[in-house]
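Q: Input file: run_32.cif. Contents: mmCIF, C-alpha atoms and all ligand atoms.
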```
data_structure
#
loop_
_atom_site.label_atom_id
_atom_site.label_comp_id
_atom_site.auth_asym_id
_atom_site.auth_seq_id
_atom_site.Cartn_x
_atom_site.Cartn_y
_atom_site.Cartn_z
CA MET O 56 -80.15 -142.03 25.73
CA THR O 57 -78.13 -141.18 28.79
CA ARG O 58 -77.37 -137.51 29.36
CA ILE O 59 -74.38 -136.68 31.47
CA VAL O 60 -73.77 -133.48 33.34
CA CYS O 61 -70.08 -133.03 33.99
CA PRO O 62 -69.62 -132.87 37.78
CA TYR O 63 -66.69 -130.45 37.35
CA CYS O 64 -67.80 -127.82 34.83
CA PHE O 65 -71.50 -128.82 34.62
CA ALA O 66 -71.56 -128.92 30.83
CA SER O 67 -74.22 -131.33 29.59
CA ASP O 68 -73.45 -133.97 26.96
CA ARG O 69 -74.72 -137.27 25.59
CA ALA O 70 -72.84 -140.15 27.21
CA ALA O 71 -72.05 -141.58 23.79
CA ARG O 72 -70.31 -138.38 22.70
CA LEU O 73 -67.92 -138.01 25.64
CA ALA O 74 -64.24 -138.08 24.73
CA TYR O 75 -61.76 -140.77 25.75
CA ARG O 76 -58.30 -140.48 27.22
CA CYS O 77 -55.49 -142.81 26.16
CA LEU O 78 -53.87 -144.62 29.10
CA MET O 79 -50.50 -144.67 27.28
CA ALA O 80 -50.12 -148.39 27.96
CA ARG O 81 -47.01 -150.03 26.58
CA THR O 82 -48.80 -153.09 25.28
CA GLY O 83 -49.64 -151.53 21.94
CA LEU O 84 -50.42 -153.33 18.73
CA ARG O 85 -47.49 -155.05 17.15
CA GLY O 86 -45.25 -152.43 15.65
CA ALA O 87 -47.10 -149.47 17.23
CA ASN O 88 -45.47 -147.15 19.74
CA ALA O 89 -47.12 -146.31 23.05
CA CYS O 90 -48.59 -142.79 23.19
CA ALA O 91 -46.61 -140.08 25.00
CA PRO O 92 -48.22 -137.48 27.29
CA GLU O 93 -49.26 -134.20 25.67
CA PRO O 94 -50.06 -130.78 27.16
CA ASP O 95 -53.80 -130.77 27.88
CA THR O 96 -54.60 -127.10 27.38
CA ALA O 97 -58.35 -127.43 28.06
CA TRP O 98 -57.70 -129.12 31.37
CA ALA O 99 -54.93 -126.68 32.29
CA ALA O 100 -57.25 -123.75 31.58
CA PHE O 101 -59.94 -125.26 33.78
CA THR O 102 -57.67 -125.97 36.73
CA GLY O 103 -55.60 -122.82 36.35
CA MET O 104 -52.37 -124.75 35.87
CA PRO O 105 -49.73 -123.47 33.48
CA ALA O 106 -50.40 -125.25 30.17
CA ALA O 107 -46.69 -125.53 29.48
CA GLY O 108 -45.89 -127.05 32.87
CA PRO O 109 -45.26 -130.75 33.54
CA ALA O 110 -48.51 -131.12 35.52
CA ALA O 111 -50.54 -130.40 32.37
CA LEU O 112 -48.95 -133.31 30.50
CA ARG O 113 -51.58 -136.04 30.22
CA GLY O 114 -52.65 -138.90 28.01
CA PRO O 115 -54.03 -137.70 24.68
CA CYS O 116 -57.81 -137.26 24.35
CA PHE O 117 -59.78 -138.39 21.34
CA ASP O 118 -63.42 -138.31 20.25
CA PRO O 119 -65.38 -141.57 20.23
CA PRO O 120 -64.91 -143.33 16.91
CA ARG O 121 -67.89 -142.83 14.61
CA GLY O 122 -70.05 -145.75 13.69
CA LEU O 123 -67.85 -148.16 15.57
CA ARG O 124 -69.79 -150.07 18.19
CA THR O 125 -67.57 -149.89 21.21
CA GLY O 126 -67.98 -152.78 23.58
CA ARG O 127 -68.42 -152.03 27.27
CA GLY O 128 -67.65 -148.32 26.90
CA ARG O 129 -64.09 -148.83 25.65
CA ALA O 130 -62.59 -147.36 22.52
CA PRO O 131 -59.25 -147.92 20.80
CA CYS O 132 -56.89 -144.93 20.74
CA PRO O 133 -56.46 -143.86 17.10
CA ALA O 134 -52.73 -143.24 17.68
CA CYS O 135 -51.58 -146.41 19.46
CA GLY O 136 -54.53 -148.75 19.01
CA VAL O 137 -54.84 -149.68 22.68
CA GLU O 138 -58.35 -149.60 24.15
CA THR O 139 -59.12 -147.23 26.99
CA PRO O 140 -62.16 -147.03 29.29
CA VAL O 141 -61.44 -143.49 30.55
CA ARG O 142 -64.18 -141.00 29.60
CA VAL O 143 -63.44 -137.30 29.54
CA CYS O 144 -65.66 -134.20 29.57
CA ARG O 145 -65.31 -132.48 26.20
CA SER O 146 -65.49 -129.00 27.76
CA CYS O 147 -63.13 -129.11 30.73
CA HIS O 148 -61.22 -132.36 29.98
CA ASN O 149 -61.63 -133.71 33.50
CA ASP O 150 -61.71 -137.51 33.68
CA LEU O 151 -65.08 -138.77 34.83
CA PRO O 152 -65.35 -141.49 37.50
CA SER O 153 -65.42 -144.88 35.82
CA ASP O 154 -69.12 -145.65 36.20
CA TYR O 155 -70.37 -142.05 36.07
CA CYS O 156 -71.38 -142.37 32.41
CA ASP O 157 -73.62 -145.40 32.90
CA GLN O 158 -76.38 -143.47 34.65
CA ASP O 159 -78.26 -140.23 34.40
CA SER O 160 -76.80 -137.57 36.62
CA ARG O 161 -78.75 -135.55 39.13
CA ILE O 162 -77.13 -132.47 40.53
CA ILE O 163 -78.38 -131.46 43.95
CA ALA O 164 -76.97 -128.05 44.69
CA LEU O 165 -76.32 -127.20 48.30
CA ILE O 166 -76.08 -123.54 49.15
CA GLY O 167 -76.05 -121.32 52.19
CA PRO O 168 -73.91 -118.55 53.64
CA LYS O 169 -70.75 -119.24 55.60
CA SER O 170 -71.23 -121.29 58.80
CA ALA O 171 -74.82 -122.22 57.92
CA GLY O 172 -73.71 -125.82 58.44
CA LYS O 173 -73.11 -127.01 54.85
CA SER O 174 -69.98 -129.08 55.40
CA THR O 175 -71.36 -130.75 58.52
CA TYR O 176 -74.62 -131.37 56.72
CA VAL O 177 -73.04 -133.11 53.72
CA SER O 178 -70.97 -135.43 55.93
CA VAL O 179 -73.93 -136.40 58.06
CA LEU O 180 -76.33 -136.69 55.14
CA ALA O 181 -74.01 -139.03 53.25
CA HIS O 182 -73.48 -141.11 56.40
CA GLU O 183 -77.22 -141.38 56.99
CA LEU O 184 -77.93 -142.30 53.38
CA ARG O 185 -75.33 -145.03 53.54
CA ASN O 186 -76.74 -146.40 56.76
CA ARG O 187 -80.16 -145.80 58.33
CA VAL O 188 -81.97 -144.07 55.46
CA GLY O 189 -80.47 -146.44 52.93
CA ARG O 190 -81.87 -149.41 54.82
CA GLU O 191 -85.28 -147.78 55.14
CA PHE O 192 -85.59 -147.20 51.39
CA ALA O 193 -83.63 -150.28 50.25
CA ALA O 194 -81.29 -147.74 48.67
CA SER O 195 -77.54 -147.62 48.70
CA LEU O 196 -75.02 -144.86 48.27
CA ALA O 197 -71.48 -145.42 47.06
CA SER O 198 -68.69 -142.91 46.53
CA MET O 199 -67.74 -142.57 42.89
CA GLY O 200 -64.15 -142.11 41.87
CA THR O 201 -61.06 -142.14 44.05
CA ALA O 202 -61.25 -138.40 44.81
CA THR O 203 -64.69 -138.73 46.43
CA GLN O 204 -63.74 -141.98 48.14
CA GLN O 205 -60.76 -140.36 49.80
CA ARG O 206 -62.50 -137.13 50.70
CA TYR O 207 -65.59 -138.83 52.03
CA ARG O 208 -63.53 -141.27 54.11
CA ALA O 209 -61.59 -138.35 55.62
CA MET O 210 -64.79 -136.39 56.33
CA GLU O 211 -66.46 -139.39 57.96
CA ASP O 212 -63.37 -140.23 59.97
CA ASP O 213 -63.08 -136.67 61.29
CA LEU O 214 -66.71 -136.29 62.27
CA TYR O 215 -67.62 -139.80 63.44
CA HIS O 216 -64.39 -141.16 64.85
CA ARG O 217 -62.26 -138.19 65.81
CA LEU O 218 -65.36 -136.11 66.64
CA LEU O 219 -64.00 -133.03 64.88
CA LEU O 220 -66.28 -130.58 63.10
CA PRO O 221 -65.32 -129.68 59.52
CA GLY O 222 -62.90 -126.77 59.34
CA PRO O 223 -64.01 -123.65 57.51
CA THR O 224 -63.91 -124.27 53.76
CA GLN O 225 -60.65 -122.69 52.59
CA PRO O 226 -61.26 -119.78 50.23
CA ALA O 227 -58.08 -120.66 48.31
CA ALA O 228 -59.18 -124.25 47.89
CA MET O 229 -62.66 -123.13 46.98
CA ARG O 230 -61.73 -122.33 43.43
CA PHE O 231 -60.94 -125.94 42.67
CA ASN O 232 -63.21 -127.41 45.28
CA ASP O 233 -63.85 -130.88 43.96
CA PRO O 234 -67.39 -132.10 43.91
CA LEU O 235 -68.49 -135.06 45.99
CA ILE O 236 -69.95 -137.64 43.63
CA PHE O 237 -72.07 -140.53 44.83
CA ARG O 238 -74.00 -143.23 43.10
CA LEU O 239 -77.44 -143.66 44.60
CA SER O 240 -79.15 -146.95 43.81
CA THR O 241 -82.88 -147.06 44.44
CA PRO O 242 -85.40 -149.84 43.84
CA ARG O 243 -87.48 -149.56 40.71
CA HIS O 244 -91.21 -149.33 41.18
CA GLY O 245 -94.32 -150.11 39.22
CA PRO O 246 -94.32 -150.99 35.52
CA LEU O 247 -90.75 -149.80 35.13
CA ALA O 248 -89.54 -152.51 37.50
CA LEU O 249 -87.72 -154.31 34.73
CA GLY O 250 -84.11 -153.40 35.40
CA TRP O 251 -81.86 -156.41 35.26
CA ASP O 252 -80.83 -155.96 38.84
CA GLY O 253 -84.07 -154.37 39.99
CA SER O 254 -82.54 -151.03 40.82
CA ARG O 255 -82.03 -147.67 39.25
CA HIS O 256 -78.76 -145.79 39.53
CA THR O 257 -78.42 -142.04 39.78
CA ALA O 258 -75.27 -140.01 40.15
CA LEU O 259 -75.64 -137.39 42.88
CA VAL O 260 -73.27 -134.46 42.86
CA PHE O 261 -72.73 -132.12 45.80
CA PHE O 262 -70.48 -129.13 45.64
CA ASP O 263 -69.74 -127.39 48.90
CA ALA O 264 -69.09 -123.71 48.36
CA ALA O 265 -70.65 -120.47 49.50
CA GLY O 266 -71.39 -118.29 46.48
CA GLU O 267 -70.54 -115.09 48.28
CA ASP O 268 -67.01 -116.36 48.95
CA LEU O 269 -66.23 -116.83 45.27
CA ALA O 270 -64.35 -113.66 44.55
CA ASP O 271 -63.21 -114.11 40.97
CA ALA O 272 -65.52 -114.13 38.00
CA GLU O 273 -64.44 -117.53 36.71
CA ALA O 274 -65.18 -119.32 39.98
CA MET O 275 -68.49 -117.46 40.21
CA ASP O 276 -69.31 -118.48 36.68
CA ARG O 277 -68.73 -122.13 37.49
CA TYR O 278 -70.81 -121.81 40.61
CA THR O 279 -73.70 -120.36 38.61
CA ALA O 280 -73.35 -123.18 36.07
CA TYR O 281 -73.63 -125.60 38.98
CA LEU O 282 -76.83 -123.94 40.19
CA ALA O 283 -78.29 -123.88 36.70
CA ALA O 284 -77.53 -127.58 36.16
CA ALA O 285 -79.18 -128.50 39.45
CA ASP O 286 -82.29 -130.67 39.46
CA GLY O 287 -82.98 -129.35 42.91
CA VAL O 288 -81.43 -126.88 45.32
CA ILE O 289 -81.13 -127.23 49.09
CA LEU O 290 -80.73 -123.84 50.75
CA LEU O 291 -79.54 -124.02 54.35
CA VAL O 292 -80.74 -121.29 56.70
CA ASP O 293 -78.96 -120.86 60.03
CA PRO O 294 -81.50 -119.84 62.67
CA LEU O 295 -78.66 -118.51 64.83
CA GLN O 296 -78.34 -115.72 62.27
CA LEU O 297 -81.82 -114.37 63.03
CA ARG O 298 -82.02 -111.54 65.52
CA THR O 299 -85.12 -112.79 67.33
CA VAL O 300 -83.53 -116.19 67.86
CA ARG O 301 -80.23 -114.72 69.02
CA GLU O 302 -81.97 -112.51 71.57
CA GLN O 303 -83.75 -115.46 73.12
CA LEU O 304 -80.72 -117.66 73.57
CA PRO O 305 -78.81 -115.90 76.38
CA GLU O 306 -76.89 -119.10 77.19
CA MET O 307 -75.33 -118.93 73.70
CA GLU O 308 -73.87 -115.49 74.46
CA GLY O 309 -70.36 -115.30 73.02
CA ARG O 310 -70.80 -118.49 70.99
CA LEU O 311 -73.16 -117.14 68.36
CA PRO O 312 -71.79 -117.07 64.81
CA ALA O 313 -70.92 -113.78 63.13
CA ILE O 314 -73.73 -112.31 61.05
CA GLU O 315 -73.59 -113.36 57.38
CA THR O 316 -75.81 -112.61 54.41
CA ALA O 317 -79.52 -112.75 55.30
CA PRO O 318 -81.38 -115.82 53.98
CA GLU O 319 -83.89 -113.77 51.95
CA GLN O 320 -80.93 -112.12 50.23
CA VAL O 321 -79.35 -115.50 49.45
CA ALA O 322 -82.70 -116.70 48.05
CA ALA O 323 -83.15 -113.55 45.96
CA ASP O 324 -79.59 -113.82 44.58
CA LEU O 325 -80.14 -117.48 43.78
CA ALA O 326 -83.31 -116.64 41.86
CA THR O 327 -81.49 -113.91 39.91
CA GLN O 328 -78.71 -116.32 38.94
CA LEU O 329 -81.14 -119.04 37.89
CA ARG O 330 -83.25 -116.62 35.84
CA GLY O 331 -80.05 -115.45 34.15
CA ARG O 332 -79.47 -119.09 33.14
CA ASN O 333 -83.00 -119.58 31.83
CA ARG O 334 -84.30 -121.53 34.75
CA GLY O 335 -87.22 -119.15 35.25
CA GLU O 336 -90.63 -118.76 33.65
CA GLY O 337 -89.69 -115.66 31.68
CA LYS O 338 -89.36 -112.85 34.17
CA GLY O 339 -91.44 -114.84 36.63
CA ARG O 340 -90.67 -117.48 39.18
CA VAL O 341 -87.81 -119.93 39.02
CA THR O 342 -88.79 -123.51 38.15
CA THR O 343 -85.96 -125.38 39.92
CA PRO O 344 -87.45 -126.99 43.05
CA LEU O 345 -86.04 -125.42 46.18
CA ALA O 346 -85.82 -127.05 49.61
CA VAL O 347 -85.26 -124.43 52.29
CA ALA O 348 -83.92 -126.07 55.43
CA VAL O 349 -83.54 -124.38 58.81
CA THR O 350 -80.45 -126.03 60.32
CA LYS O 351 -79.25 -126.52 63.92
CA SER O 352 -82.77 -127.29 65.15
CA ASP O 353 -81.20 -128.77 68.31
CA ALA O 354 -80.60 -125.17 69.41
CA LEU O 355 -84.29 -124.35 69.01
CA LYS O 356 -85.69 -126.21 72.03
CA PRO O 357 -87.62 -123.12 73.26
CA TRP O 358 -89.52 -123.04 69.96
CA LEU O 359 -90.12 -126.74 69.40
CA PRO O 360 -92.69 -127.99 71.90
CA HIS O 361 -92.92 -131.69 72.66
CA GLY O 362 -95.09 -133.26 69.99
CA SER O 363 -94.07 -130.82 67.29
CA PRO O 364 -93.27 -132.72 64.07
CA LEU O 365 -90.01 -130.73 63.97
CA ALA O 366 -88.88 -132.33 67.25
CA ARG O 367 -89.24 -135.95 66.14
CA PRO O 368 -88.04 -137.99 63.18
CA ALA O 369 -90.17 -138.36 60.09
CA GLN O 370 -92.80 -141.05 60.36
CA ARG O 371 -92.38 -143.22 57.33
CA SER O 372 -93.21 -146.77 56.55
CA GLY O 373 -92.82 -149.10 53.63
CA GLY O 374 -89.91 -147.22 52.07
CA ALA O 375 -91.99 -144.29 50.86
CA VAL O 376 -91.74 -140.58 51.52
CA ASP O 377 -94.73 -139.36 53.50
CA GLU O 378 -96.34 -136.30 51.92
CA ALA O 379 -98.49 -135.50 54.97
CA ASP O 380 -95.40 -135.41 57.16
CA ARG O 381 -93.66 -133.05 54.74
CA VAL O 382 -96.63 -130.68 54.74
CA ALA O 383 -96.76 -130.69 58.56
CA VAL O 384 -93.05 -129.81 58.70
CA HIS O 385 -93.49 -127.12 56.07
CA GLN O 386 -96.34 -125.49 57.96
CA ASP O 387 -94.65 -125.59 61.36
CA THR O 388 -91.42 -124.21 59.93
CA ARG O 389 -93.37 -121.48 58.20
CA ALA O 390 -94.98 -120.55 61.53
CA LEU O 391 -91.55 -120.38 63.18
CA LEU O 392 -90.18 -118.14 60.45
CA GLU O 393 -93.24 -115.92 60.76
CA GLU O 394 -92.44 -115.50 64.45
CA TRP O 395 -88.76 -114.82 63.77
CA ASP O 396 -88.72 -112.56 60.73
CA GLY O 397 -92.35 -111.61 60.21
CA GLY O 398 -92.54 -113.77 57.08
CA VAL O 399 -89.90 -111.84 55.09
CA LEU O 400 -88.12 -114.98 53.85
CA TYR O 401 -91.38 -116.75 53.03
CA ARG O 402 -92.69 -113.87 50.95
CA GLN O 403 -89.39 -113.69 49.09
CA LEU O 404 -89.62 -117.42 48.31
CA GLU O 405 -93.22 -117.12 47.11
CA ARG O 406 -92.22 -114.31 44.80
CA ASP O 407 -89.19 -116.10 43.34
CA PHE O 408 -89.82 -119.86 43.33
CA ALA O 409 -92.62 -121.84 41.72
CA GLN O 410 -91.98 -124.90 43.89
CA PHE O 411 -90.45 -124.80 47.34
CA SER O 412 -90.84 -126.54 50.65
CA LEU O 413 -89.59 -125.66 54.14
CA PHE O 414 -87.69 -128.09 56.34
CA CYS O 415 -86.14 -127.99 59.79
CA LEU O 416 -83.25 -130.26 60.72
CA SER O 417 -80.23 -130.85 62.89
CA ALA O 418 -77.08 -132.55 61.63
CA LEU O 419 -75.50 -132.93 65.07
CA GLY O 420 -78.57 -133.37 67.28
CA SER O 421 -77.06 -131.19 69.99
CA PRO O 422 -74.84 -128.12 70.05
CA PRO O 423 -71.04 -128.55 70.01
CA PRO O 424 -69.63 -128.71 73.58
CA ALA O 425 -69.39 -125.20 75.10
CA ASP O 426 -65.75 -125.75 76.14
CA SER O 427 -64.61 -127.11 72.76
CA PRO O 428 -66.70 -125.54 70.00
CA ALA O 429 -64.63 -127.13 67.21
CA ASP O 430 -65.68 -130.62 68.33
CA ALA O 431 -68.77 -132.64 67.60
CA PRO O 432 -70.98 -133.55 70.58
CA LYS O 433 -69.33 -136.24 72.73
CA ALA O 434 -71.89 -138.84 71.68
CA GLY O 435 -71.19 -138.16 68.00
CA PRO O 436 -73.73 -136.81 65.52
CA ARG O 437 -77.33 -137.69 66.39
CA PRO O 438 -79.06 -136.17 63.38
CA LEU O 439 -82.72 -135.26 63.17
CA ARG O 440 -84.52 -135.04 59.81
CA VAL O 441 -81.34 -134.40 57.78
CA GLU O 442 -82.57 -136.56 54.91
CA ASP O 443 -85.97 -134.88 54.47
CA PRO O 444 -85.01 -132.18 51.91
CA LEU O 445 -83.14 -134.63 49.66
CA LEU O 446 -85.89 -137.24 49.88
CA TRP O 447 -88.45 -134.64 48.84
CA LEU O 448 -86.34 -133.64 45.82
CA LEU O 449 -85.75 -137.28 44.86
CA GLY O 450 -89.48 -137.96 45.22
CA LEU O 451 -90.28 -135.06 42.88
CA ARG O 452 -87.99 -136.68 40.30
CA GLY O 453 -89.72 -140.03 40.67
CA LEU O 454 -86.67 -141.65 42.23
CA LEU O 455 -88.47 -142.54 45.43
CA GLN O 456 -92.06 -143.51 46.10
CA VAL O 457 -94.20 -140.81 47.66
CA ARG O 458 -97.22 -141.72 49.75
CA GLN O 459 -99.80 -139.11 48.88
CA ASN O 460 -102.33 -138.07 51.43
CA ARG O 461 -105.77 -136.85 50.49
CA THR O 462 -105.50 -133.81 52.72
CA ALA O 463 -101.95 -133.00 51.60
CA ARG O 464 -101.70 -129.93 49.46
CA LYS O 465 -99.83 -130.26 46.22
CA GLY O 466 -96.51 -128.51 45.74
CA ARG O 467 -95.84 -126.22 48.59
N1 LIG B 501 -76.09 -126.67 67.22
C1 LIG B 501 -75.63 -127.07 66.02
N2 LIG B 501 -74.59 -126.45 65.47
C2 LIG B 501 -74.17 -126.88 64.25
C3 LIG B 501 -74.78 -127.95 63.56
N3 LIG B 501 -74.13 -128.11 62.38
C4 LIG B 501 -73.16 -127.17 62.34
N4 LIG B 501 -73.17 -126.43 63.48
C5 LIG B 501 -72.29 -125.33 63.85
O1 LIG B 501 -72.08 -124.49 62.73
C6 LIG B 501 -70.69 -124.35 62.47
C7 LIG B 501 -70.46 -124.23 60.99
O2 LIG B 501 -70.75 -125.45 60.36
P1 LIG B 501 -70.12 -125.81 58.93
O3 LIG B 501 -70.67 -127.12 58.54
O4 LIG B 501 -68.66 -125.65 58.96
O5 LIG B 501 -70.78 -124.65 58.04
P2 LIG B 501 -70.41 -124.16 56.54
O6 LIG B 501 -69.54 -122.97 56.68
O7 LIG B 501 -71.74 -123.80 55.95
O8 LIG B 501 -69.76 -125.31 55.85
C8 LIG B 501 -70.06 -125.58 63.09
O9 LIG B 501 -68.74 -125.34 63.43
C9 LIG B 501 -70.93 -125.80 64.31
O10 LIG B 501 -70.50 -124.96 65.35
C10 LIG B 501 -75.90 -128.60 64.19
O11 LIG B 501 -76.53 -129.54 63.68
N5 LIG B 501 -76.28 -128.10 65.43
MG MG B 502 -67.88 -125.44 54.95
ZN ZN B 503 -66.53 -130.68 32.35
ZN ZN B 504 -52.80 -143.87 22.54
#
```
In structure tokens, write the structure found in this file.

A:
Amino acid sequence: MTRIVCPYCFASDRAARLAYRCLMARTGLRGANACAPEPDTAWAAFTGMPAAGPAALRGPCFDPPRGLRTGRGRAPCPACGVETPVRVCRSCHNDLPSDYCDQDSRIIALIGPKSAGKSTYVSVLAHELRNRVGREFAASLASMGTATQQRYRAMEDDLYHRLLLPGPTQPAAMRFNDPLIFRLSTPRHGPLALGWDGSRHTALVFFDAAGEDLADAEAMDRYTAYLAAADGVILLVDPLQLRTVREQLPEMEGRLPAIETAPEQVAADLATQLRGRNRGEGKGRVTTPLAVAVTKSDALKPWLPHGSPLARPAQRSGGAVDEADRVAVHQDTRALLEEWDGGVLYRQLERDFAQFSLFCLSALGSPPPADSPADAPKAGPRPLRVEDPLLWLLGLRGLLQVRQNRTARKGR
């Protein structure tokens, strides 16, 4: 049974129970009239459009017919008789991308305060997954739905061809910030390797918003639903926010970002929200796996000696995630944080999360040019270890092979 999490409102439903939307095609059964658009009040409420306005007029929705075996995910509209393939979330009435319902969905939530590097990270991560990392793991990543296709193409074009960094996420747009939805196809392993095409498909949903920017309760509520639906959370920590780091980078004077919410506060707030949505062990620690990634590691040269695992790419072979490498990164990042904040963030994480791992990465590979800070480095993004947090989370879910190491410690 395939369970679907709506990538818009994050309600969970069985794929078979999702509604359909009539396409209002003219080629109805003999004698039948084509359906006319109707006000979709559920969808209007979700998007904030006036329900009486023309924009809310859409093809009628209907529940899947009972007992009827519908071939290839199509169902006939009860009003006009014409089959439609369009599946619709029963809660928010958003249309789901055409192949979204054929696979289990995995929500990977990406969070971090403003300017932590979220938008840059998503662009680079998707690019890497589609190219280098995809080849390494015999995996492939495809945009799902026209909205993601268009947005991803624009993001990639800006960053890789026009060498422009993402603009600040617009607070006004934030409320209806569409998710980025990808289909990740990974090889099947072991006794389960029976899929007809030898691969397993997972829908990955990223939603780029900073919780603290969501002023109104409704947007905040949706954001919390997103976090609660997440199979894993990636929390980005900007080292340029930490006082010790700032003091030791005199050459960055004047180019350091404004101070935002402290990472231990973001982590504590996240834990509170997840506990409120029953993702905690009673009053105890939260069970959602958390990857905490220090970003912009290219700016950390003084702290990353030659030979440090944080200064070189992951050493992997045979399309498997290397557990020993992850533990080495976790320990070195922990030591850095200890030096920077006396272990405040780490202790907060230990208190709040049952399963977490530290990472250190750079999306760009070098700082933006000093004379044009809104541009990517001239050579384009040269990322380091951007994929590590996601690969760890996918490994935990059994979607990638993990090479265990006898000396590797379990969990964190
Ligand atoms: N040195 C360095 N700076 C980065 C990197 N990624 C992002 N930045 C900087 O951080 C700023 C904010 O990044 P952005 O992705 O917009 O952050 P968001 O607000 O979390 O979406 C960018 O404009 C860059 O100046 C990186 O990998 N290295
Ligand atoms: Mg952003
Ligand atoms: Zn929905
Ligand atoms: Zn119809």

Q: Which residue gives the smallest distance to ligand MG 502 (chain B) among O:Lys169, O:Arg208, O:Arg301, O:Arg437, with only C-alpha atoms and all ligand atoms counted?

A: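 For ligand MG 502 (chain B), the nearest of the candidates is O:Lys169.
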
Q: Determine, counting only C-alpha atoms, which protein, DNA and RNA residues have an atom within 10 Å of an atom of O:Arg381; residues of the same chain fewer than 5 positions away are not included. Present the result as a PyMOL selection string.

A: chain O and resi 364+369-370+376+386+412-414+443-444+447+463+467

Q: Any residue with an atom at most 7 Å from ligand ZN 503 (chain B) counts, using only C-alpha atoms and all ligand atoms. Which are they? Put them as a list in words.

A: Cys61, Pro62, Tyr63, Cys64, Phe65, Ala66, Cys144, Arg145, Ser146, Cys147, His148 and Asn149 of chain O

Q: At a cut-off of 7 Å and counting all atoms listed in the file, what residues surround ligand MG 502 (chain B)? Please answer as an MDAnalysis selection string.

A: chainID O and resid 169:170 172:174 221:224 263:264

Q: Can you list, as a PyMOL selection string, every protein, DNA or RNA residue that comes within 10 Å of stretch 114-117 of chain O when you count only C-alpha atoms, leaving out same-chain residues fewer than 4 positions away?

A: chain O and resi 73-80+90-95+130-134+141-145+148

Q: Between O:Ser372, O:Leu329, O:Pro294, O:Leu365, which has the minimum distance to O:Glu394 (counting all atoms listed in the file)?

A: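 Among the listed residues, the smallest separation from O:Glu394 belongs to O:Pro294.
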
Q: Around ligand LIG 501 (chain B), at most 9 Å away and counting all atoms listed in the file, which residues are there? Put them as a ChimeraX atom specification, please.

A: /O:166-178,220-224,263-265,291,293,295,310-312,350-355,416-423,428-431,436-439

Q: Measure the distance from atom CA of O:Leu290 to atom CA of O:Ala346 in Å and round it to one decimal.

A: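 These two atoms are separated by 6.1 Å.
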
Q: So how many Å separate atom CA of O:Arg187 and atom CA of O:Leu446, to one decimal?

A: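 Calculated distance between atom CA of O:Arg187 and atom CA of O:Leu446 is 13.3 Å.
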
Q: If we count all atoms listed in the file and set the cut-off at 12 Å, which residues sit around O:Arg334, ignoring sequence neighbours fewer than 3 positions away in its own chain? Please answer as a PyMOL selection string.

A: chain O and resi 279-280+282-287+325-331+337-344+407-409

Q: Which polymer residues have any atom within 10 Å of an atom of O:Ser153, counting all atoms listed in the file, with same-chain residues fewer than 5 positions away left out, as a ChimeraX atom specification?

A: /O:128,140-142,199-201

Q: How far is it from atom CA of O:Pro234 to atom CA of O:Gln296, in Å with one decimal?

A: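 Separating atom CA of O:Pro234 from atom CA of O:Gln296 is a distance of 26.9 Å.
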
Q: Ranking O:Val137, O:Ala71, O:Leu455, O:Val179 by minimum distance to ligand ZN 504 (chain B) and counting all atoms listed in the file, which one comes first?

A: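 Result for the nearest residue to ligand ZN 504 (chain B): O:Val137.
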
Q: Centre and edge lengths of an axis-aligned box around all listed atoms of stretch 308-325 of chain O, with 8 Å added on each side, are to be given in Å to one decimal, as JSON.

A:
```
{"center_x": -77.1, "center_y": -115.3, "center_z": 59.1, "size_x": 29.5, "size_y": 22.4, "size_z": 46.7}
```
